[in-house]
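Text of protein_6.pdb (PDB, C-alpha atoms and all ligand atoms) as supplied:
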```pdb
ATOM      1  CA  MET A   1      28.549  -0.040-124.286
ATOM      2  CA  LYS A   2      30.395   0.450-127.556
ATOM      3  CA  THR A   3      28.715   0.511-130.976
ATOM      4  CA  PHE A   4      29.963  -2.531-132.818
ATOM      5  CA  LEU A   5      27.744  -2.789-135.861
ATOM      6  CA  LYS A   6      26.357   0.254-137.623
ATOM      7  CA  ILE A   7      23.757   0.048-140.365
ATOM      8  CA  GLU A   8      23.082   3.286-142.207
ATOM      9  CA  GLY A   9      20.292   4.029-144.672
ATOM     10  CA  LEU A  10      20.068   0.499-146.032
ATOM     11  CA  ALA A  11      17.681  -0.102-148.953
ATOM     12  CA  LYS A  12      17.023  -2.989-151.300
ATOM     13  CA  ALA A  13      15.066  -2.674-154.525
ATOM     14  CA  TYR A  14      14.459  -5.344-157.129
ATOM     15  CA  VAL A  15      12.049  -2.945-158.865
ATOM     16  CA  PRO A  16      13.533   0.574-158.641
ATOM     17  CA  GLU A  17      10.367   2.479-157.680
ATOM     18  CA  ARG A  18       9.194  -0.160-155.196
ATOM     19  CA  PRO A  19      12.062  -0.973-152.800
ATOM     20  CA  VAL A  20      11.382  -3.893-150.462
ATOM     21  CA  PHE A  21      12.729  -1.700-147.653
ATOM     22  CA  ALA A  22      14.466   1.645-147.362
ATOM     23  CA  ASP A  23      16.068   3.912-144.757
ATOM     24  CA  VAL A  24      16.940   1.023-142.471
ATOM     25  CA  SER A  25      19.370   2.257-139.833
ATOM     26  CA  PHE A  26      20.241   0.686-136.519
ATOM     27  CA  THR A  27      23.236  -0.204-134.394
ATOM     28  CA  LEU A  28      24.329  -3.134-132.261
ATOM     29  CA  ASP A  29      26.564  -2.736-129.236
ATOM     30  CA  LYS A  30      29.280  -5.246-128.531
ATOM     31  CA  GLY A  31      27.830  -8.231-126.670
ATOM     32  CA  GLU A  32      24.272  -7.259-127.506
ATOM     33  CA  PHE A  33      21.615  -9.729-128.700
ATOM     34  CA  VAL A  34      19.192  -8.155-131.169
ATOM     35  CA  CYS A  35      16.229  -9.915-132.768
ATOM     36  CA  ILE A  36      14.279  -8.749-135.797
ATOM     37  CA  ILE A  37      10.670  -9.745-136.156
ATOM     38  CA  GLY A  38       8.216  -9.075-138.979
ATOM     39  CA  HIS A  39       5.953 -10.789-141.467
ATOM     40  CA  SER A  40       7.134 -12.908-144.343
ATOM     41  CA  GLY A  41       8.568 -10.908-147.220
ATOM     42  CA  CYS A  42       9.415  -7.694-145.345
ATOM     43  CA  GLY A  43      13.116  -8.228-146.010
ATOM     44  CA  LYS A  44      14.612  -9.727-142.842
ATOM     45  CA  THR A  45      16.720 -12.346-144.624
ATOM     46  CA  THR A  46      17.879  -9.747-147.131
ATOM     47  CA  ILE A  47      19.105  -7.528-144.285
ATOM     48  CA  LEU A  48      20.869 -10.467-142.626
ATOM     49  CA  ASN A  49      22.505 -11.440-145.910
ATOM     50  CA  VAL A  50      23.742  -7.879-146.398
ATOM     51  CA  LEU A  51      25.187  -7.899-142.855
ATOM     52  CA  ALA A  52      26.853 -11.222-143.686
ATOM     53  CA  GLY A  53      28.295  -9.754-146.884
ATOM     54  CA  LEU A  54      26.414 -12.350-148.955
ATOM     55  CA  ASP A  55      24.108  -9.832-150.669
ATOM     56  CA  GLN A  56      24.473  -6.222-151.727
ATOM     57  CA  ALA A  57      22.151  -3.437-150.710
ATOM     58  CA  SER A  58      20.846  -0.973-153.314
ATOM     59  CA  ALA A  59      21.761   1.870-150.966
ATOM     60  CA  GLY A  60      23.332   2.336-147.570
ATOM     61  CA  HIS A  61      26.297   1.020-145.649
ATOM     62  CA  VAL A  62      27.176  -1.559-143.003
ATOM     63  CA  PHE A  63      30.152  -1.035-140.725
ATOM     64  CA  MET A  64      31.468  -3.680-138.362
ATOM     65  CA  ASP A  65      34.072  -2.589-135.855
ATOM     66  CA  GLY A  66      34.607   0.583-137.880
ATOM     67  CA  ARG A  67      35.202  -1.153-141.218
ATOM     68  CA  GLU A  68      32.721  -1.380-144.072
ATOM     69  CA  VAL A  69      31.334  -4.854-144.777
ATOM     70  CA  SER A  70      31.859  -5.590-148.446
ATOM     71  CA  GLY A  71      31.852  -9.380-148.694
ATOM     72  CA  PRO A  72      31.663 -12.579-146.675
ATOM     73  CA  SER A  73      34.195 -13.048-143.894
ATOM     74  CA  LEU A  74      35.084 -15.585-141.234
ATOM     75  CA  GLU A  75      34.670 -12.708-138.786
ATOM     76  CA  ARG A  76      30.933 -13.343-139.059
ATOM     77  CA  GLY A  77      29.396 -16.712-138.257
ATOM     78  CA  VAL A  78      26.114 -17.454-140.012
ATOM     79  CA  VAL A  79      23.559 -20.110-139.035
ATOM     80  CA  PHE A  80      20.672 -20.763-141.420
ATOM     81  CA  GLN A  81      17.515 -22.745-140.878
ATOM     82  CA  GLY A  82      18.772 -25.478-143.187
ATOM     83  CA  HIS A  83      22.019 -26.059-141.217
ATOM     84  CA  ALA A  84      24.088 -26.558-144.427
ATOM     85  CA  LEU A  85      26.392 -29.320-143.149
ATOM     86  CA  MET A  86      28.520 -31.308-145.541
ATOM     87  CA  PRO A  87      26.737 -34.680-145.642
ATOM     88  CA  TRP A  88      29.820 -36.774-146.361
ATOM     89  CA  LEU A  89      31.713 -35.445-143.338
ATOM     90  CA  SER A  90      31.204 -36.399-139.680
ATOM     91  CA  VAL A  91      30.314 -33.817-137.019
ATOM     92  CA  ARG A  92      34.004 -33.613-136.095
ATOM     93  CA  GLN A  93      35.089 -33.178-139.718
ATOM     94  CA  ASN A  94      32.408 -30.586-140.480
ATOM     95  CA  ILE A  95      33.582 -28.382-137.633
ATOM     96  CA  ALA A  96      37.274 -29.080-138.255
ATOM     97  CA  PHE A  97      36.790 -27.918-141.842
ATOM     98  CA  ALA A  98      35.551 -24.517-140.663
ATOM     99  CA  VAL A  99      38.262 -24.191-137.998
ATOM    100  CA  ARG A 100      40.977 -25.033-140.521
ATOM    101  CA  SER A 101      39.649 -22.378-142.920
ATOM    102  CA  ARG A 102      39.910 -19.818-140.125
ATOM    103  CA  TRP A 103      43.301 -20.898-138.753
ATOM    104  CA  PRO A 104      45.150 -22.862-141.480
ATOM    105  CA  GLU A 105      48.277 -23.054-139.326
ATOM    106  CA  MET A 106      46.610 -24.730-136.346
ATOM    107  CA  LYS A 107      48.413 -27.919-135.268
ATOM    108  CA  ALA A 108      46.527 -31.239-135.394
ATOM    109  CA  ALA A 109      46.375 -31.766-131.614
ATOM    110  CA  GLU A 110      45.152 -28.230-130.998
ATOM    111  CA  LEU A 111      42.600 -28.545-133.786
ATOM    112  CA  ARG A 112      41.273 -31.762-132.297
ATOM    113  CA  ALA A 113      40.929 -30.255-128.819
ATOM    114  CA  HIS A 114      39.319 -27.102-130.218
ATOM    115  CA  VAL A 115      36.714 -29.065-132.183
ATOM    116  CA  GLU A 116      35.951 -31.328-129.219
ATOM    117  CA  ARG A 117      35.448 -28.328-126.942
ATOM    118  CA  TYR A 118      32.757 -26.829-129.196
ATOM    119  CA  VAL A 119      31.038 -30.157-129.786
ATOM    120  CA  GLU A 120      30.901 -30.644-126.029
ATOM    121  CA  MET A 121      29.500 -27.139-125.608
ATOM    122  CA  VAL A 122      26.385 -28.145-127.559
ATOM    123  CA  GLY A 123      26.140 -31.539-125.830
ATOM    124  CA  LEU A 124      27.063 -33.693-128.821
ATOM    125  CA  SER A 125      30.278 -35.392-127.696
ATOM    126  CA  HIS A 126      28.593 -38.783-127.956
ATOM    127  CA  ALA A 127      27.760 -38.173-131.617
ATOM    128  CA  ILE A 128      31.001 -36.525-132.720
ATOM    129  CA  ASP A 129      31.897 -39.191-135.276
ATOM    130  CA  ARG A 130      28.438 -39.504-136.788
ATOM    131  CA  LYS A 131      27.470 -38.201-140.204
ATOM    132  CA  PRO A 132      24.638 -35.635-140.538
ATOM    133  CA  SER A 133      22.292 -38.325-141.921
ATOM    134  CA  GLU A 134      22.609 -40.130-138.562
ATOM    135  CA  LEU A 135      21.507 -37.050-136.586
ATOM    136  CA  SER A 136      18.076 -35.615-135.747
ATOM    137  CA  GLY A 137      17.115 -32.126-136.962
ATOM    138  CA  GLY A 138      17.858 -30.657-133.536
ATOM    139  CA  MET A 139      21.269 -32.309-133.409
ATOM    140  CA  LYS A 140      22.134 -31.001-136.871
ATOM    141  CA  GLN A 141      21.142 -27.525-135.789
ATOM    142  CA  ARG A 142      23.422 -27.869-132.739
ATOM    143  CA  VAL A 143      26.301 -28.792-135.052
ATOM    144  CA  GLY A 144      25.576 -25.642-137.070
ATOM    145  CA  ILE A 145      25.715 -23.562-133.896
ATOM    146  CA  ALA A 146      28.930 -25.259-132.697
ATOM    147  CA  ARG A 147      30.498 -24.655-136.095
ATOM    148  CA  ALA A 148      29.523 -20.977-136.075
ATOM    149  CA  PHE A 149      30.979 -20.491-132.571
ATOM    150  CA  SER A 150      34.093 -22.562-133.265
ATOM    151  CA  ILE A 151      35.559 -19.948-135.602
ATOM    152  CA  ALA A 152      35.259 -17.309-132.837
ATOM    153  CA  PRO A 153      33.364 -14.863-135.046
ATOM    154  CA  LYS A 154      33.108 -11.252-134.003
ATOM    155  CA  MET A 155      29.416 -11.492-134.688
ATOM    156  CA  LEU A 156      26.833 -14.221-135.054
ATOM    157  CA  LEU A 157      24.035 -13.961-137.630
ATOM    158  CA  LEU A 158      21.154 -16.363-137.117
ATOM    159  CA  ASP A 159      18.341 -16.767-139.668
ATOM    160  CA  GLU A 160      15.517 -18.558-137.866
ATOM    161  CA  PRO A 161      17.899 -21.247-136.676
ATOM    162  CA  PHE A 162      15.208 -23.091-134.719
ATOM    163  CA  GLY A 163      12.343 -22.655-137.186
ATOM    164  CA  ALA A 164      12.160 -26.293-138.211
ATOM    165  CA  LEU A 165      12.429 -27.804-134.722
ATOM    166  CA  ASP A 166       9.718 -29.201-132.479
ATOM    167  CA  ALA A 167       8.859 -27.130-129.399
ATOM    168  CA  LEU A 168      10.776 -29.284-126.919
ATOM    169  CA  THR A 169      14.017 -29.384-128.889
ATOM    170  CA  ARG A 170      13.662 -25.722-129.718
ATOM    171  CA  GLY A 171      13.386 -24.835-126.031
ATOM    172  CA  ALA A 172      16.426 -26.909-125.097
ATOM    173  CA  ILE A 173      18.577 -25.339-127.820
ATOM    174  CA  GLN A 174      17.358 -21.825-126.957
ATOM    175  CA  ASP A 175      18.548 -22.417-123.386
ATOM    176  CA  GLU A 176      21.887 -23.679-124.658
ATOM    177  CA  LEU A 177      22.340 -20.783-127.039
ATOM    178  CA  MET A 178      21.489 -18.283-124.326
ATOM    179  CA  ALA A 179      24.004 -19.832-121.913
ATOM    180  CA  ILE A 180      26.770 -19.848-124.545
ATOM    181  CA  VAL A 181      26.054 -16.282-125.653
ATOM    182  CA  ARG A 182      26.102 -14.993-122.070
ATOM    183  CA  GLN A 183      29.320 -16.876-121.368
ATOM    184  CA  THR A 184      31.120 -15.707-124.512
ATOM    185  CA  GLN A 185      29.654 -12.160-124.633
ATOM    186  CA  GLN A 186      28.880 -12.818-128.285
ATOM    187  CA  THR A 187      27.185 -10.126-130.369
ATOM    188  CA  VAL A 188      24.160 -11.651-132.109
ATOM    189  CA  PHE A 189      21.657 -10.597-134.762
ATOM    190  CA  MET A 190      18.812 -13.065-135.130
ATOM    191  CA  ILE A 191      15.681 -13.380-137.246
ATOM    192  CA  THR A 192      12.718 -15.063-135.635
ATOM    193  CA  HIS A 193       8.979 -15.401-136.160
ATOM    194  CA  ASP A 194       8.483 -16.453-132.572
ATOM    195  CA  VAL A 195       7.555 -13.620-130.200
ATOM    196  CA  ASP A 196       8.470 -15.581-127.064
ATOM    197  CA  GLU A 197      11.825 -16.537-128.531
ATOM    198  CA  ALA A 198      12.584 -12.849-129.144
ATOM    199  CA  ILE A 199      11.494 -11.929-125.608
ATOM    200  CA  LEU A 200      13.633 -14.691-124.117
ATOM    201  CA  LEU A 201      16.803 -14.013-126.076
ATOM    202  CA  ALA A 202      16.914 -10.399-127.183
ATOM    203  CA  ASP A 203      18.118  -7.284-125.420
ATOM    204  CA  ARG A 204      16.326  -5.269-128.108
ATOM    205  CA  ILE A 205      13.717  -6.286-130.671
ATOM    206  CA  LEU A 206      13.444  -4.568-134.050
ATOM    207  CA  LEU A 207       9.870  -4.528-135.359
ATOM    208  CA  MET A 208       9.886  -4.495-139.136
ATOM    209  CA  ARG A 209       6.921  -3.505-141.317
ATOM    210  CA  ASN A 210       6.288  -4.688-144.860
ATOM    211  CA  GLY A 211       6.309  -2.395-147.856
ATOM    212  CA  GLY A 212       2.911  -1.706-149.406
ATOM    213  CA  GLU A 213       0.276   0.856-150.390
ATOM    214  CA  ARG A 214      -0.292   3.253-147.540
ATOM    215  CA  GLU A 215      -2.238   6.514-147.829
ATOM    216  CA  GLY A 216      -2.593   6.032-151.562
ATOM    217  CA  ARG A 217       1.057   5.460-152.422
ATOM    218  CA  TYR A 218       3.677   2.745-152.180
ATOM    219  CA  GLN A 219       5.829   2.950-149.087
ATOM    220  CA  PRO A 220       8.837   0.704-148.627
ATOM    221  CA  GLY A 221       9.202  -1.570-145.628
ATOM    222  CA  GLY A 222      11.476  -0.625-142.763
ATOM    223  CA  ILE A 223      12.072  -0.669-139.044
ATOM    224  CA  ALA A 224       8.879   0.639-137.474
ATOM    225  CA  GLU A 225      10.034   0.517-133.875
ATOM    226  CA  VAL A 226      12.860  -0.644-131.663
ATOM    227  CA  VAL A 227      11.656  -2.248-128.455
ATOM    228  CA  VAL A 228      14.024  -2.469-125.504
ATOM    229  CA  ASN A 229      13.469  -5.648-123.503
ATOM    230  CA  PRO A 230      12.795  -4.534-119.933
ATOM    231  CA  LEU A 231      12.943  -8.052-118.409
ATOM    232  CA  PRO A 232      15.976  -9.003-116.265
ATOM    233  CA  ARG A 233      18.859 -10.360-118.346
ATOM    234  CA  ASP A 234      19.113 -13.579-116.341
ATOM    235  CA  ARG A 235      15.549 -14.527-117.317
ATOM    236  CA  GLN A 236      14.749 -18.199-117.840
ATOM    237  CA  ARG A 237      12.390 -19.703-120.384
ATOM    238  CA  ALA A 238      10.367 -21.577-117.771
ATOM    239  CA  GLY A 239       9.584 -18.508-115.656
ATOM    240  CA  LEU A 240       9.261 -15.948-118.451
ATOM    241  CA  HIS A 241       5.482 -15.519-118.200
ATOM    242  CA  HIS A 242       5.676 -14.853-114.458
ATOM    243  CA  LEU A 243       7.919 -11.818-114.874
ATOM    244  CA  ASP A 244       6.513  -8.315-114.450
ATOM    245  CA  GLY A 245       6.260  -6.694-117.840
ATOM    246  CA  TYR A 246       6.164  -9.934-119.829
ATOM    247  CA  TYR A 247       2.528  -9.685-120.955
ATOM    248  CA  ALA A 248       2.754  -5.975-121.737
ATOM    249  CA  LEU A 249       5.802  -6.621-123.920
ATOM    250  CA  ARG A 250       4.269  -9.646-125.610
ATOM    251  CA  ASN A 251       0.984  -7.830-126.305
ATOM    252  CA  HIS A 252       2.834  -4.857-127.734
ATOM    253  CA  ILE A 253       4.719  -7.029-130.228
ATOM    254  CA  VAL A 254       1.683  -9.120-131.157
ATOM    255  CA  ASP A 255      -0.408  -5.936-131.649
ATOM    256  CA  PHE A 256       2.291  -4.627-133.966
ATOM    257  CA  LEU A 257       2.259  -7.829-136.026
ATOM    258  CA  VAL A 258      -1.552  -7.917-136.194
ATOM    259  CA  SER A 259      -2.359  -4.293-136.862
ATOM    260  CA  ARG A 260       0.679  -2.245-137.860
ATOM    261  CA  ALA A 261       3.170  -4.500-139.640
ATOM    262  CA  GLN A 262       1.359  -4.842-142.943
ATOM    263  CA  ALA A 263      -0.316  -2.294-145.199
ATOM    264  CA  HIS A 264      -4.103  -2.788-145.177
TER     265      HIS A 264
HETATM  266  N1  LIG B 301      15.982 -12.267-156.344
HETATM  267  C1  LIG B 301      14.846 -11.636-156.043
HETATM  268  N2  LIG B 301      14.130 -11.019-157.024
HETATM  269  C2  LIG B 301      12.988 -10.353-156.733
HETATM  270  N3  LIG B 301      12.447 -10.257-155.509
HETATM  271  C3  LIG B 301      13.121 -10.871-154.501
HETATM  272  C4  LIG B 301      14.345 -11.593-154.714
HETATM  273  N4  LIG B 301      14.764 -12.075-153.530
HETATM  274  C5  LIG B 301      13.856 -11.679-152.606
HETATM  275  N5  LIG B 301      12.868 -10.959-153.202
HETATM  276  C6  LIG B 301      11.719 -10.341-152.516
HETATM  277  O1  LIG B 301      12.221  -9.514-151.473
HETATM  278  C7  LIG B 301      11.340  -9.540-150.378
HETATM  279  C8  LIG B 301      12.112  -9.801-149.101
HETATM  280  O2  LIG B 301      12.588 -11.145-149.034
HETATM  281  P1  LIG B 301      13.255 -11.723-147.722
HETATM  282  O3  LIG B 301      13.573 -13.145-147.966
HETATM  283  O4  LIG B 301      14.356 -10.832-147.297
HETATM  284  O5  LIG B 301      12.036 -11.576-146.695
HETATM  285  P2  LIG B 301      11.881 -12.161-145.219
HETATM  286  O6  LIG B 301      11.318 -11.040-144.411
HETATM  287  O7  LIG B 301      13.153 -12.751-144.764
HETATM  288  O8  LIG B 301      10.784 -13.271-145.427
HETATM  289  P3  LIG B 301      10.596 -14.703-144.693
HETATM  290  O9  LIG B 301      10.207 -14.380-143.289
HETATM  291  O10 LIG B 301       9.485 -15.328-145.486
HETATM  292  O11 LIG B 301      11.889 -15.429-144.816
HETATM  293  C9  LIG B 301      10.280 -10.585-150.666
HETATM  294  O12 LIG B 301       9.096  -9.926-151.023
HETATM  295  C10 LIG B 301      10.838 -11.355-151.840
HETATM  296  O13 LIG B 301       9.801 -11.765-152.690
END
```

Would you write the structure of this file as structure tokens?
Ligand SMILES: Nc1ncnc2c1ncn2[C@@H]1O[C@H](COP(=O)(O)OP(=O)(O)OP(=O)(O)O)[C@@H](O)[C@H]1O
Amino acid sequence: MKTFLKIEGLAKAYVPERPVFADVSFTLDKGEFVCIIGHSGCGKTTILNVLAGLDQASAGHVFMDGREVSGPSLERGVVFQGHALMPWLSVRQNIAFAVRSRWPEMKAAELRAHVERYVEMVGLSHAIDRKPSELSGGMKQRVGIARAFSIAPKMLLLDEPFGALDALTRGAIQDELMAIVRQTQQTVFMITHDVDEAILLADRILLMRNGGEREGRYQPGGIAEVVVNPLPRDRQRAGLHHLDGYYALRNHIVDFLVSRAQAH
């Protein structure tokens, strides 16, 4: 495995003496799926935005493929909870827009085939000419995922992409995402609040604690622990709870969230 993303000593402070988090360092190997889990406000979205080049850290560095990240780039695909589709464009046009930004020289026939391939990948061929307002929340989220993959990013950054979906839709899209990621060997960094989602998808899970008063003084938030997922990589959602090690892993993460993640 080769280190692909390197985060060194990242900190973010809105108030200088009380940084939201500090000393955040971790790496992602190529093709690895890493989830970050922690309570609201610990700084997960801020970290993701810094990795995306959409926000600046107060200290520290991010290197992707050996180069420092200093701004947004089509080398990183980002999927937010609020899918951010252009409402006046159809599914096809939304994705074509992104593909054209990435490869302005692409010929019309190739562009068409490329877009259709990614729409098919997320099972939306039947809805390709519909506008976002004619799609369900789950379908819109699928378009967001297809769009992110369609530009062949070196890395995918997902900020709770399934947070707003009902359990059934969420499960179906998790399965789809997992299949696509395995097939494309995509490197992924994902924020989730859902312990089972992290256990299903992630190779490693970063447990993040909130900043707060500990032992009489303010301590910034940060990565408290990195948990390696011991379950077999070909795990399926339906059989997850039958696997050896599942409950131990789940209990460990839940215990962290209940008793260690926040200052008391
Ligand atoms: N512009 C800002 N000015 C001041 N504080 C901010 C600003 N943006 C974010 N914060 C604070 O930084 C902290 C981290 O926010 P962030 O959105 O990264 O947390 P999060 O872990 O992603 O939370 P959630 O799970 O609720 O999305 C929060 O306490 C938030 O109030």

When the PyMOL selection byres (((not hetatm)) within 12 of (chain B and resi 301)) is applied to the structure above, which residues does it catch, written out as a PDB file with C-alpha atoms, in the coordinates of the input?
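And here's selection12.pdb as it stands now:
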```pdb
ATOM      1  CA  ALA A  11      17.681  -0.102-148.953  1.00  0.00           C
ATOM      2  CA  LYS A  12      17.023  -2.989-151.300  1.00  0.00           C
ATOM      3  CA  ALA A  13      15.066  -2.674-154.525  1.00  0.00           C
ATOM      4  CA  TYR A  14      14.459  -5.344-157.129  1.00  0.00           C
ATOM      5  CA  VAL A  15      12.049  -2.945-158.865  1.00  0.00           C
ATOM      6  CA  PRO A  16      13.533   0.574-158.641  1.00  0.00           C
ATOM      7  CA  ARG A  18       9.194  -0.160-155.196  1.00  0.00           C
ATOM      8  CA  PRO A  19      12.062  -0.973-152.800  1.00  0.00           C
ATOM      9  CA  VAL A  20      11.382  -3.893-150.462  1.00  0.00           C
ATOM     10  CA  PHE A  21      12.729  -1.700-147.653  1.00  0.00           C
ATOM     11  CA  ALA A  22      14.466   1.645-147.362  1.00  0.00           C
ATOM     12  CA  ILE A  36      14.279  -8.749-135.797  1.00  0.00           C
ATOM     13  CA  ILE A  37      10.670  -9.745-136.156  1.00  0.00           C
ATOM     14  CA  GLY A  38       8.216  -9.075-138.979  1.00  0.00           C
ATOM     15  CA  HIS A  39       5.953 -10.789-141.467  1.00  0.00           C
ATOM     16  CA  SER A  40       7.134 -12.908-144.343  1.00  0.00           C
ATOM     17  CA  GLY A  41       8.568 -10.908-147.220  1.00  0.00           C
ATOM     18  CA  CYS A  42       9.415  -7.694-145.345  1.00  0.00           C
ATOM     19  CA  GLY A  43      13.116  -8.228-146.010  1.00  0.00           C
ATOM     20  CA  LYS A  44      14.612  -9.727-142.842  1.00  0.00           C
ATOM     21  CA  THR A  45      16.720 -12.346-144.624  1.00  0.00           C
ATOM     22  CA  THR A  46      17.879  -9.747-147.131  1.00  0.00           C
ATOM     23  CA  ILE A  47      19.105  -7.528-144.285  1.00  0.00           C
ATOM     24  CA  LEU A  48      20.869 -10.467-142.626  1.00  0.00           C
ATOM     25  CA  ASN A  49      22.505 -11.440-145.910  1.00  0.00           C
ATOM     26  CA  VAL A  50      23.742  -7.879-146.398  1.00  0.00           C
ATOM     27  CA  ASP A  55      24.108  -9.832-150.669  1.00  0.00           C
ATOM     28  CA  GLN A  56      24.473  -6.222-151.727  1.00  0.00           C
ATOM     29  CA  ALA A  57      22.151  -3.437-150.710  1.00  0.00           C
ATOM     30  CA  PHE A  80      20.672 -20.763-141.420  1.00  0.00           C
ATOM     31  CA  GLN A  81      17.515 -22.745-140.878  1.00  0.00           C
ATOM     32  CA  LEU A 158      21.154 -16.363-137.117  1.00  0.00           C
ATOM     33  CA  ASP A 159      18.341 -16.767-139.668  1.00  0.00           C
ATOM     34  CA  GLU A 160      15.517 -18.558-137.866  1.00  0.00           C
ATOM     35  CA  PRO A 161      17.899 -21.247-136.676  1.00  0.00           C
ATOM     36  CA  GLY A 163      12.343 -22.655-137.186  1.00  0.00           C
ATOM     37  CA  MET A 190      18.812 -13.065-135.130  1.00  0.00           C
ATOM     38  CA  ILE A 191      15.681 -13.380-137.246  1.00  0.00           C
ATOM     39  CA  THR A 192      12.718 -15.063-135.635  1.00  0.00           C
ATOM     40  CA  HIS A 193       8.979 -15.401-136.160  1.00  0.00           C
ATOM     41  CA  ASP A 194       8.483 -16.453-132.572  1.00  0.00           C
ATOM     42  CA  LEU A 207       9.870  -4.528-135.359  1.00  0.00           C
ATOM     43  CA  MET A 208       9.886  -4.495-139.136  1.00  0.00           C
ATOM     44  CA  ARG A 209       6.921  -3.505-141.317  1.00  0.00           C
ATOM     45  CA  ASN A 210       6.288  -4.688-144.860  1.00  0.00           C
ATOM     46  CA  GLY A 211       6.309  -2.395-147.856  1.00  0.00           C
ATOM     47  CA  GLY A 212       2.911  -1.706-149.406  1.00  0.00           C
ATOM     48  CA  PRO A 220       8.837   0.704-148.627  1.00  0.00           C
ATOM     49  CA  GLY A 221       9.202  -1.570-145.628  1.00  0.00           C
ATOM     50  CA  GLY A 222      11.476  -0.625-142.763  1.00  0.00           C
ATOM     51  CA  ILE A 223      12.072  -0.669-139.044  1.00  0.00           C
ATOM     52  CA  ALA A 261       3.170  -4.500-139.640  1.00  0.00           C
ATOM     53  CA  GLN A 262       1.359  -4.842-142.943  1.00  0.00           C
TER      54      GLN A 262
END
```

I would like the residues chosen by the PyMOL selection byres (((chain A and resi 6-8) around 8) and not hetatm) on the shown file; could you give them as a ChimeraX atom specification? /A:3-5,9-10,23-28,60-64

Please, could you write that set of residues out with C-alpha atoms as a short mmCIF file (atom, residue, chain, number, x, y, z; two decimals), in the coordinates of the input?
```
data_model
loop_
_atom_site.label_atom_id
_atom_site.label_comp_id
_atom_site.auth_asym_id
_atom_site.auth_seq_id
_atom_site.Cartn_x
_atom_site.Cartn_y
_atom_site.Cartn_z
CA THR A 3 28.72 0.51 -130.98
CA PHE A 4 29.96 -2.53 -132.82
CA LEU A 5 27.74 -2.79 -135.86
CA GLY A 9 20.29 4.03 -144.67
CA LEU A 10 20.07 0.50 -146.03
CA ASP A 23 16.07 3.91 -144.76
CA VAL A 24 16.94 1.02 -142.47
CA SER A 25 19.37 2.26 -139.83
CA PHE A 26 20.24 0.69 -136.52
CA THR A 27 23.24 -0.20 -134.39
CA LEU A 28 24.33 -3.13 -132.26
CA GLY A 60 23.33 2.34 -147.57
CA HIS A 61 26.30 1.02 -145.65
CA VAL A 62 27.18 -1.56 -143.00
CA PHE A 63 30.15 -1.03 -140.72
CA MET A 64 31.47 -3.68 -138.36
#
```

Using the chain letters and residue numbers of this document, give as a VMD selection string the residues selected by the PyMOL selection byres (((chain A and resi 238) around 12) and not hetatm). chain A and resid 168 171 to 172 174 to 175 196 to 197 200 234 to 237 239 to 243

Distance atom CA of Ser259 of chain A-atom CA of Ala167 of chain A, one decimal place?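 That distance, rounded to one decimal, is 26.5 Å.
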
Separation of atom CA of Asn251 of chain A and atom CA of Val195 of chain A, in Å? 9.6 Å

Mind rebuilding segment 196-207 of chain A with N, CA and C atoms and writing that out as a CSV table (one decimal), in the coordinates of the input?
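Produced file part25.csv, reproduced below:
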```
chain,number,residue,atom,x,y,z
A,196,ASP,N,7.9,-15.2,-128.3
A,196,ASP,CA,8.5,-15.6,-127.1
A,196,ASP,C,10.0,-15.8,-127.2
A,197,GLU,N,10.4,-16.3,-128.3
A,197,GLU,CA,11.8,-16.5,-128.5
A,197,GLU,C,12.6,-15.2,-128.5
A,198,ALA,N,12.0,-14.2,-129.1
A,198,ALA,CA,12.6,-12.8,-129.1
A,198,ALA,C,12.6,-12.3,-127.7
A,199,ILE,N,11.5,-12.5,-127.0
A,199,ILE,CA,11.5,-11.9,-125.6
A,199,ILE,C,12.5,-12.6,-124.7
A,200,LEU,N,12.7,-13.9,-124.9
A,200,LEU,CA,13.6,-14.7,-124.1
A,200,LEU,C,15.1,-14.3,-124.4
A,201,LEU,N,15.4,-14.2,-125.7
A,201,LEU,CA,16.8,-14.0,-126.1
A,201,LEU,C,17.3,-12.6,-126.2
A,202,ALA,N,16.4,-11.7,-126.7
A,202,ALA,CA,16.9,-10.4,-127.2
A,202,ALA,C,17.0,-9.3,-126.1
A,203,ASP,N,18.0,-8.5,-126.2
A,203,ASP,CA,18.1,-7.3,-125.4
A,203,ASP,C,17.2,-6.2,-126.0
A,204,ARG,N,17.2,-6.2,-127.4
A,204,ARG,CA,16.3,-5.3,-128.1
A,204,ARG,C,15.7,-6.0,-129.3
A,205,ILE,N,14.5,-5.6,-129.6
A,205,ILE,CA,13.7,-6.3,-130.7
A,205,ILE,C,13.3,-5.2,-131.7
A,206,LEU,N,13.8,-5.5,-133.0
A,206,LEU,CA,13.4,-4.6,-134.0
A,206,LEU,C,12.1,-5.0,-134.7
A,207,LEU,N,11.1,-4.2,-134.7
A,207,LEU,CA,9.9,-4.5,-135.4
A,207,LEU,C,9.9,-4.0,-136.8
```
